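Taking it in order: structure first as structure tokens, then the write-up.
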Amino acid sequence: MAKEKIDEGLIGNEKIEQAIAGLQQEATPEQLAHTLTVIRRRMQEGGQVIVAVEPPKGGSQMLLQAIETEGRTWWAAFSSFEEELKGGGSVKSTFLADIEKLFQGALQAEGIEGVILNPWNRTIMLDKNLIQIVLGSR
């Protein structure tokens with residue numbers, strides 16, 4: 001099987017996708033704990049995710065693209081380019097971000113509920129509480 005070149009920081013993120021798939025099939029506290037552990041391990045390995053950015057408005061800095069669900073605002077991140085493309089090309093501009101830096105940023109951000117990983121398919125909504133659990137035991 002030919003393997004296209006993928007960015008170093010994304011290698012291993014398929015484990016996150018597999019854990020989320022398991023969680024989607026069986027939404028138990030144990031499966032959630034397992035998924036958070038997998039995300040923490042990827043973070044500790046220096047793992048990265050793809051984040052979508054909005055073009056700067058009027059000379060301000062670039063903003064992370066946000067998604068709104070039920071009146072709450074979340075940052076969107078993707079574990080792979082395949083996951084990002086499932087949105088039908090709605091993402092304009094992306095860059096790689098360290099999982100840990102993204103999570104720390106989300107905790108500091110006003111008006112942000114947390115991070116939605118893979119909003120189109122293998123989705124997990126990490127609110128600030130879950131993010132603190134992932135960051136917690138370092």
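By convention here, the chains of the structure tokens are called A, B, ... in the order presented, each chain's residues are numbered starting at 1, and ligands are numbered starting at 1 in the order presented.
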
Practice prompt. Pick out the residues sitting within 6 Å of Val134 of chain A, and hand them over as a ChimeraX atom specification; count only C-alpha atoms, and ignore anything fewer than 2 positions along from it in its own chain.
Written response: /A:36,40,131-132,136

Worksheet entry | Residue list (strand (DSSP E), DSSP) for segment 22-106 of chain A, as an MDAnalysis selection string | chainID A and resid 48:54 63:64 66:69 72:78 93:98

Discussion item. Among segment 84-137 of chain A, which ones does DSSP assign to helix (DSSP H, G or I) (computed from the backbone)? Answer as a ChimeraX atom specification.
Written reply: /A:84-85,99-108,128-136

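Shortest separation to Pro119 of chain A among A:Ala76, A:Leu64, A:Val53, A:Ala33 occurs at residue A:Ala76, atoms counted being only C-alpha atoms.
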
Practice prompt. Could you tell me which of A:Glu8, A:Glu17, A:Glu113, A:Glu30 comes closest to Ile67 of chain A if we count only C-alpha atoms?
Written response: A:Glu113

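The spacing separating atom CA of Thr28 of chain A from atom CA of Ser79 of chain A amounts to 22.1 Å.
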
Worksheet entry | Shell of 9 Å around Ile124 of chain A, only C-alpha atoms, local chain residues under 6 positions omitted, as a PyMOL selection string | chain A and resi 20+23-24+115-118

Worksheet entry | Atomic distance atom CA of Asp7 of chain A - atom CA of Gln25 of chain A, expressed in Å with one decimal | 28.7 Å
